[in-house]
Amino acid sequence: MTTPVRDAALRGAPALTGSELAIRGGQPLRGRVDVKGAKNLATKAMVATLLGETPSTLRDVPDLSDVAVVRSLLEVHGVRVIEGDEPGSLTFDPSGVESAHMEEIDAHAGASRIPILFCGPLLHRLGQAFIPDLGGCRIGDRPIDFHLDALRKFGAVVEKLPSGIRLSAPSGLRGANIHLPYPSVGATEQVLLSAVRAKGVTELRNAAIEPEIMDLIAVLQKMGAIISYEPNRVIYIEGVDRLRGYDHRSIFDRNEAASWASAALATDGEIFVGGAKQPEMLTFLNVFRKAGGWFDIQEDGILFRRDGELQPVVVETDVHPGFMTDWQQPLVVALTQAKGRSIVHETVYENRMGFTQALVKMGADIVVHPHGLQDGPRRVARRDLEQAAVITGPTPLHAADIVVPDLRGGYSHVIAALTAQGESHVSGVDILSRGYEKFLTKLSALGADFDVVG
């Protein structure tokens with residue numbers, strides 16, 4: 001049984017209501033979508049509210065399931081969360097923070113990996129923290145060793161239990177010298193959230209410097225933290241005794257903006273992404289142009305469309321300021337329509353090419369090299385976990401029944417179905433609510449032809 005959702009979506013349905021979409025493709029996506037705050041900043045800034053002694057207000061908070069998970073976890077720990085003074089804003093009152101049982105944390109965390117970032121703030125507030133088994137998209141090994149090693153250097157005692165991890169700080173946290181083996185975003189966030197109230201100075205080397213990290217630093221500075229960014233990925237944090245609340249408007253979600261840009265490229269459409277900004281997307285825009293895309297930077301967003309025939313490109317994913325790993329999956333769909341051979345080197349996650357199997361089922365010519373390609377000039381140094389996808393096109397895509405593997409891969413499958421001729425059934429799409437606010441509303445606004453199944 002299928003239920004049309006076009007009218008309901010245009011009335012503002014906030015999230016996916018079913019796990020399968022029936023999509024009739026072959027038509028270009030045209031229109032406007034607006035992106036709000038970045039998921040990768042909003043959820044971390046919400047955790048930071050635990051550090052303040054007064055309420056904090058975060059603006060442009062996206063309506064996502066990951067945000068709902070963090071809100072629930074904060075409430076479980078006694079934070080009062082109320083709607084702010086404008087749509088999309090939330091105010092957090094941490095005055096009632098208290099310990100929570102492992103069972104409660106596990107129940108509210110679900111598949112989210114956010115609980116690990118509660119460690120530093122909770123150790124400061126309560127002297128202890130509990131972390132359940134962590135979930136998230138199955139795109140590769142995402143060990144928490146970086147997090148735990150950093151917390152140990154701050155003075156935390158880590159006890160591994162069958163149900164999760166218990167941490168304590170009997171003598172409080174103190175500043176440390178930390179060198180990350182890899183510029184991990186999550187580990188960098190962990191160090192920032194732990195160091196701002198630790199006693200002494202923390203020196204973090206090989207830090208991630210993504211725009212969302214810089215925005216988190218801005219949040220913490222508003223709270224009273226002393227943080228300086230030095231050349232060569234070095235961050236210094238001088239610990240302070242007290243922090244206050246903040247009022248902050250989140251940076252826009254550049255991952256969602258790039259996803260819609262790739263959708264315009266794949267379907268030969270034209271999409272204006274309201275809220276997108278050029279500086280945070282420089283690397284993506286360069287690749288977009290090389291692939292045959294055209295864009296117009298405007299005051300309130302960016303307009304994306306094709307500029308003639310799509311061209312093959314060679315892409316190497318990397319940490320910022322490189323080409324983001326989250327950008328490559330939607331782009332690969334567009335590259336199936338480019339004339340010639342494209343290569344995408346994935347250097348961040350070892351299992352992120354699994355989504356291409358569905359594209360091959362739909363008629364794409366994609367060969368995945370599970371251990372990467374050994375030859376050819378490279379900008380990014382090879383990593384042991386590297387994969388490479390060779391995409392030869394153009395290949396017309398046809399309808400198929402496919403299953404969503406993860407967040408960005410799921411978006412890519414939907415765009416592939418919208419590019420293909422015929423009716424595709426894409427199941428497991430409820431995971432898209434983790435990273436795409438009002439996804440069905442936006443698809444409808446762009447003229448997509450689909451039903452929710454079930």
# chains A, B, ... in the order shown; residues from 1 in each chain; ligands from 1
>>> closest_atom_pairs(of="range 60-127 of chain A", to="range 433-437 of chain A", cutoff="7 Å", atoms="only C-alpha atoms", output="Markdown table")
| residue | atom | partner | partner_atom | distance |
| --- | --- | --- | --- | --- |
| A:Pro62 | CA | A:Glu437 | CA | 6.2 |
| A:Asp63 | CA | A:Glu437 | CA | 5.5 |
| A:Leu64 | CA | A:Arg434 | CA | 5.3 |
| A:Ser65 | CA | A:Arg434 | CA | 4.8 |
| A:Asp66 | CA | A:Arg434 | CA | 5.3 |
>>> select_by_dssp(residues="range 111-353 of chain A", states="strand (DSSP E or B)", output="PyMOL selection string")
chain A and resi 128-132+157-161+164-168+174+177-179+199+201-205+226-230+234-238+247-249+252+270-274+293-298+301-306+314-317+323+340-346
>>> atom_distance(atom1="CA of Pro211 in chain A", atom2="CA of Arg254 in chain A")
9.3 Å
>>> closest_residue(among="A:Lys160, A:Arg80, A:His147, A:His124", to="Val240 in chain A", atoms="only C-alpha atoms")
A:His124
>>> atom_distance(atom1="CA of Gly26 in chain A", atom2="CA of Gln421 in chain A")
4.9 Å
>>> select_by_dssp(residues="range 30-275 of chain A", states="alpha helix (DSSP H)", output="JSON, numbers by chain")
{"A": [39, 40, 41, 42, 43, 44, 45, 46, 47, 48, 65, 66, 67, 68, 69, 70, 71, 72, 73, 74, 75, 76, 102, 103, 104, 105, 106, 107, 108, 109, 119, 120, 121, 122, 123, 124, 125, 126, 145, 146, 147, 148, 149, 150, 151, 152, 153, 185, 186, 187, 188, 189, 190, 191, 192, 193, 194, 195, 211, 212, 213, 214, 215, 216, 217, 218, 219, 220, 221, 222, 254, 255, 256, 257, 258, 259, 260, 261, 262, 263, 264, 265, 266, 267]}
>>> residues_around(residues="Ser72 in chain A", least_positions_apart="4", cutoff="7 Å", atoms="only C-alpha atoms", output="NGL selection string")
:A and (68 or 76 or 108)
>>> closest_atom_pairs(of="range 337-446 of chain A", to="range 309-322 of chain A", cutoff="8 Å", atoms="only C-alpha atoms", output="tab-separated table")
residue	atom	partner	partner_atom	distance
A:Gln337	CA	A:Leu310	CA	6.7
A:Ala338	CA	A:Leu310	CA	4.4
A:Lys339	CA	A:Gln311	CA	5.6
A:Gly340	CA	A:Pro312	CA	5.5
A:Arg341	CA	A:Pro312	CA	5.6
A:Ser342	CA	A:Pro312	CA	4.6
A:Ile343	CA	A:Val314	CA	4.7
A:Val344	CA	A:Val315	CA	4.8
A:His345	CA	A:Glu316	CA	4.6
A:Glu346	CA	A:Thr317	CA	5.3
A:Thr347	CA	A:Thr317	CA	5.7
A:Val348	CA	A:Asp318	CA	6.3
A:Arg379	CA	A:Glu316	CA	7.6
A:Val380	CA	A:Glu316	CA	6.7
>>> residues_around(residues="Thr336 in chain A", least_positions_apart="5", cutoff="8 Å", atoms="only C-alpha atoms", output="list of chain:residue names")
A:Ala364, A:Asp365, A:Ile391, A:Thr392, A:Gly393, A:Pro394, A:Thr395
>>> atom_distance(atom1="CA of Gly25 in chain A", atom2="CA of Ala400 in chain A")
10.9 Å
>>> residues_around(residues="Tyr236 in chain A", least_positions_apart="6", cutoff="10 Å", atoms="only C-alpha atoms", output="short mmCIF file (atom, residue, chain, number, x, y, z; two decimals) with all heavy atoms, in the first residue's frame")
data_model
loop_
_atom_site.label_atom_id
_atom_site.label_comp_id
_atom_site.auth_asym_id
_atom_site.auth_seq_id
_atom_site.Cartn_x
_atom_site.Cartn_y
_atom_site.Cartn_z
N ASN A 177 49.30 17.46 27.53
CA ASN A 177 49.85 17.56 26.18
C ASN A 177 49.36 16.36 25.39
O ASN A 177 49.66 15.21 25.73
CB ASN A 177 51.38 17.59 26.21
CG ASN A 177 51.92 18.85 26.84
OD1 ASN A 177 51.33 19.91 26.71
ND2 ASN A 177 53.06 18.74 27.53
N LEU A 192 38.55 19.59 23.50
CA LEU A 192 38.06 20.95 23.76
C LEU A 192 37.09 20.97 24.93
O LEU A 192 37.19 21.80 25.83
CB LEU A 192 37.39 21.51 22.50
CG LEU A 192 38.31 21.86 21.33
CD1 LEU A 192 37.49 22.16 20.08
CD2 LEU A 192 39.20 23.06 21.68
N ALA A 195 39.07 20.18 28.17
CA ALA A 195 40.18 21.05 28.57
C ALA A 195 39.75 22.41 29.09
O ALA A 195 40.48 23.02 29.87
CB ALA A 195 41.13 21.24 27.38
N VAL A 196 38.59 22.89 28.67
CA VAL A 196 38.23 24.28 28.99
C VAL A 196 38.08 24.53 30.48
O VAL A 196 38.28 25.66 30.95
CB VAL A 196 36.94 24.71 28.25
CG1 VAL A 196 37.22 24.92 26.77
CG2 VAL A 196 35.82 23.70 28.46
N VAL A 201 47.12 24.22 31.46
CA VAL A 201 47.08 24.45 30.02
C VAL A 201 47.10 23.12 29.28
O VAL A 201 47.86 22.21 29.64
CB VAL A 201 48.27 25.32 29.57
CG1 VAL A 201 48.26 25.51 28.05
CG2 VAL A 201 48.22 26.68 30.27
N THR A 202 46.30 23.03 28.24
CA THR A 202 46.29 21.85 27.37
C THR A 202 46.83 22.25 26.00
O THR A 202 46.43 23.27 25.43
CB THR A 202 44.87 21.28 27.21
OG1 THR A 202 44.41 20.80 28.48
CG2 THR A 202 44.85 20.14 26.21
N GLU A 203 47.74 21.46 25.50
CA GLU A 203 48.27 21.65 24.15
C GLU A 203 47.81 20.47 23.30
O GLU A 203 48.14 19.32 23.58
CB GLU A 203 49.80 21.72 24.16
CG GLU A 203 50.40 21.87 22.77
CD GLU A 203 51.93 21.84 22.80
OE1 GLU A 203 52.53 22.49 23.69
OE2 GLU A 203 52.51 21.15 21.94
N LEU A 204 47.03 20.75 22.28
CA LEU A 204 46.52 19.72 21.38
C LEU A 204 47.18 19.86 20.02
O LEU A 204 47.06 20.90 19.37
CB LEU A 204 45.00 19.85 21.24
CG LEU A 204 44.34 18.91 20.21
CD1 LEU A 204 44.57 17.45 20.58
CD2 LEU A 204 42.86 19.22 20.09
N ARG A 205 47.88 18.81 19.61
CA ARG A 205 48.55 18.81 18.31
C ARG A 205 47.85 17.85 17.35
O ARG A 205 47.27 16.88 17.76
CB ARG A 205 50.03 18.43 18.46
CG ARG A 205 50.82 19.48 19.23
CD ARG A 205 52.32 19.21 19.20
NE ARG A 205 53.04 20.34 19.83
CZ ARG A 205 53.41 21.43 19.17
NH1 ARG A 205 53.15 21.54 17.88
NH2 ARG A 205 54.04 22.40 19.80
N ILE A 226 39.35 30.15 27.24
CA ILE A 226 40.51 30.80 26.63
C ILE A 226 41.15 29.77 25.70
O ILE A 226 41.79 28.82 26.15
CB ILE A 226 41.51 31.28 27.69
CG1 ILE A 226 40.84 32.27 28.65
CG2 ILE A 226 42.73 31.93 27.03
CD1 ILE A 226 41.69 32.68 29.82
N ILE A 227 40.94 29.95 24.40
CA ILE A 227 41.40 28.98 23.39
C ILE A 227 42.08 29.73 22.26
O ILE A 227 41.54 30.71 21.74
CB ILE A 227 40.21 28.18 22.82
CG1 ILE A 227 39.41 27.51 23.94
CG2 ILE A 227 40.70 27.13 21.82
CD1 ILE A 227 38.12 26.86 23.47
N SER A 228 43.26 29.28 21.88
CA SER A 228 43.97 29.90 20.75
C SER A 228 44.34 28.84 19.73
O SER A 228 44.73 27.73 20.09
CB SER A 228 45.22 30.64 21.23
OG SER A 228 46.12 29.76 21.88
N TYR A 229 44.19 29.19 18.48
CA TYR A 229 44.54 28.28 17.38
C TYR A 229 45.85 28.74 16.78
O TYR A 229 45.99 29.89 16.39
CB TYR A 229 43.42 28.26 16.33
CG TYR A 229 43.83 27.59 15.05
CD1 TYR A 229 44.14 26.25 15.03
CD2 TYR A 229 43.92 28.31 13.86
CE1 TYR A 229 44.54 25.62 13.86
CE2 TYR A 229 44.31 27.69 12.68
CZ TYR A 229 44.62 26.35 12.69
OH TYR A 229 45.03 25.73 11.55
N GLU A 230 46.80 27.83 16.71
CA GLU A 230 48.12 28.13 16.18
C GLU A 230 48.30 27.42 14.84
O GLU A 230 47.52 26.55 14.46
CB GLU A 230 49.19 27.64 17.18
CG GLU A 230 49.02 28.18 18.60
CD GLU A 230 49.31 29.66 18.71
OE1 GLU A 230 50.06 30.17 17.85
OE2 GLU A 230 48.80 30.30 19.65
#
>>> residues_around(residues="Gly52 in chain A", least_positions_apart="3", cutoff="8 Å", atoms="only C-alpha atoms", output="VMD selection string")
chain A and resid 48 to 49 55 to 56 94 223 242 to 245
>>> residues_around(residues="His101 in chain A", least_positions_apart="4", cutoff="12 Å", atoms="only C-alpha atoms", output="JSON, numbers by chain")
{"A": [73, 76, 77, 78, 105, 106, 107, 108, 128, 129, 130, 131, 132, 163, 164, 166]}
>>> write_last_selection(atoms="N, CA and C atoms", output="PDB file, in the first residue's frame")
ATOM      1  N   LEU A  73      19.247  13.006  26.125  1.00  0.00           N
ATOM      2  CA  LEU A  73      20.353  12.704  27.024  1.00  0.00           C
ATOM      3  C   LEU A  73      20.594  13.844  28.013  1.00  0.00           C
ATOM      4  N   VAL A  76      17.845  13.649  30.577  1.00  0.00           N
ATOM      5  CA  VAL A  76      18.084  12.543  31.500  1.00  0.00           C
ATOM      6  C   VAL A  76      19.064  12.958  32.599  1.00  0.00           C
ATOM      7  N   HIS A  77      19.999  13.844  32.242  1.00  0.00           N
ATOM      8  CA  HIS A  77      20.989  14.314  33.214  1.00  0.00           C
ATOM      9  C   HIS A  77      20.524  15.570  33.964  1.00  0.00           C
ATOM     10  N   GLY A  78      19.266  15.939  33.816  1.00  0.00           N
ATOM     11  CA  GLY A  78      18.718  17.028  34.602  1.00  0.00           C
ATOM     12  C   GLY A  78      18.748  18.391  33.961  1.00  0.00           C
ATOM     13  N   ILE A 105      20.688   6.133  30.089  1.00  0.00           N
ATOM     14  CA  ILE A 105      21.554   6.682  29.047  1.00  0.00           C
ATOM     15  C   ILE A 105      21.490   5.805  27.806  1.00  0.00           C
ATOM     16  N   ASP A 106      21.562   4.482  28.000  1.00  0.00           N
ATOM     17  CA  ASP A 106      21.539   3.544  26.881  1.00  0.00           C
ATOM     18  C   ASP A 106      20.216   3.639  26.122  1.00  0.00           C
ATOM     19  N   ALA A 107      19.114   3.760  26.870  1.00  0.00           N
ATOM     20  CA  ALA A 107      17.794   3.825  26.238  1.00  0.00           C
ATOM     21  C   ALA A 107      17.637   5.074  25.396  1.00  0.00           C
ATOM     22  N   HIS A 108      18.181   6.199  25.867  1.00  0.00           N
ATOM     23  CA  HIS A 108      18.014   7.457  25.143  1.00  0.00           C
ATOM     24  C   HIS A 108      19.054   7.630  24.040  1.00  0.00           C
ATOM     25  N   GLN A 128      31.955  11.949  37.515  1.00  0.00           N
ATOM     26  CA  GLN A 128      31.836  10.629  36.911  1.00  0.00           C
ATOM     27  C   GLN A 128      30.978  10.708  35.649  1.00  0.00           C
ATOM     28  N   ALA A 129      31.112   9.689  34.809  1.00  0.00           N
ATOM     29  CA  ALA A 129      30.324   9.613  33.574  1.00  0.00           C
ATOM     30  C   ALA A 129      30.180   8.156  33.176  1.00  0.00           C
ATOM     31  N   PHE A 130      29.059   7.832  32.510  1.00  0.00           N
ATOM     32  CA  PHE A 130      28.798   6.480  32.021  1.00  0.00           C
ATOM     33  C   PHE A 130      28.564   6.536  30.514  1.00  0.00           C
ATOM     34  N   ILE A 131      29.185   5.639  29.792  1.00  0.00           N
ATOM     35  CA  ILE A 131      29.070   5.607  28.340  1.00  0.00           C
ATOM     36  C   ILE A 131      28.592   4.225  27.907  1.00  0.00           C
ATOM     37  N   PRO A 132      27.437   4.127  27.253  1.00  0.00           N
ATOM     38  CA  PRO A 132      26.968   2.819  26.768  1.00  0.00           C
ATOM     39  C   PRO A 132      27.704   2.421  25.506  1.00  0.00           C
ATOM     40  N   SER A 163      28.462  -3.594  29.949  1.00  0.00           N
ATOM     41  CA  SER A 163      27.406  -2.761  29.366  1.00  0.00           C
ATOM     42  C   SER A 163      27.914  -1.437  28.835  1.00  0.00           C
ATOM     43  N   GLY A 164      29.189  -1.133  29.040  1.00  0.00           N
ATOM     44  CA  GLY A 164      29.705   0.147  28.584  1.00  0.00           C
ATOM     45  C   GLY A 164      30.972   0.524  29.334  1.00  0.00           C
ATOM     46  N   ARG A 166      32.653   3.128  32.437  1.00  0.00           N
ATOM     47  CA  ARG A 166      32.485   4.050  33.548  1.00  0.00           C
ATOM     48  C   ARG A 166      33.767   4.875  33.679  1.00  0.00           C
TER      49      ARG A 166
END
>>> closest_residue(among="A:Val368, A:Leu407, A:Val67, A:Leu443", to="Val390 in chain A", atoms="only C-alpha atoms")
A:Val368
>>> closest_residue(among="A:Leu21, A:Arg71, A:Gln278, A:Asp296", to="Ser424 in chain A", atoms="only C-alpha atoms")
A:Leu21
>>> closest_residue(among="A:Ser194, A:Ser89, A:Thr188, A:Thr57", to="Ile213 in chain A", atoms="only C-alpha atoms")
A:Thr188
>>> closest_residue(among="A:Ala109, A:Leu216, A:Ala198, A:Ala258", to="Val69 in chain A", atoms="only C-alpha atoms")
A:Ala109
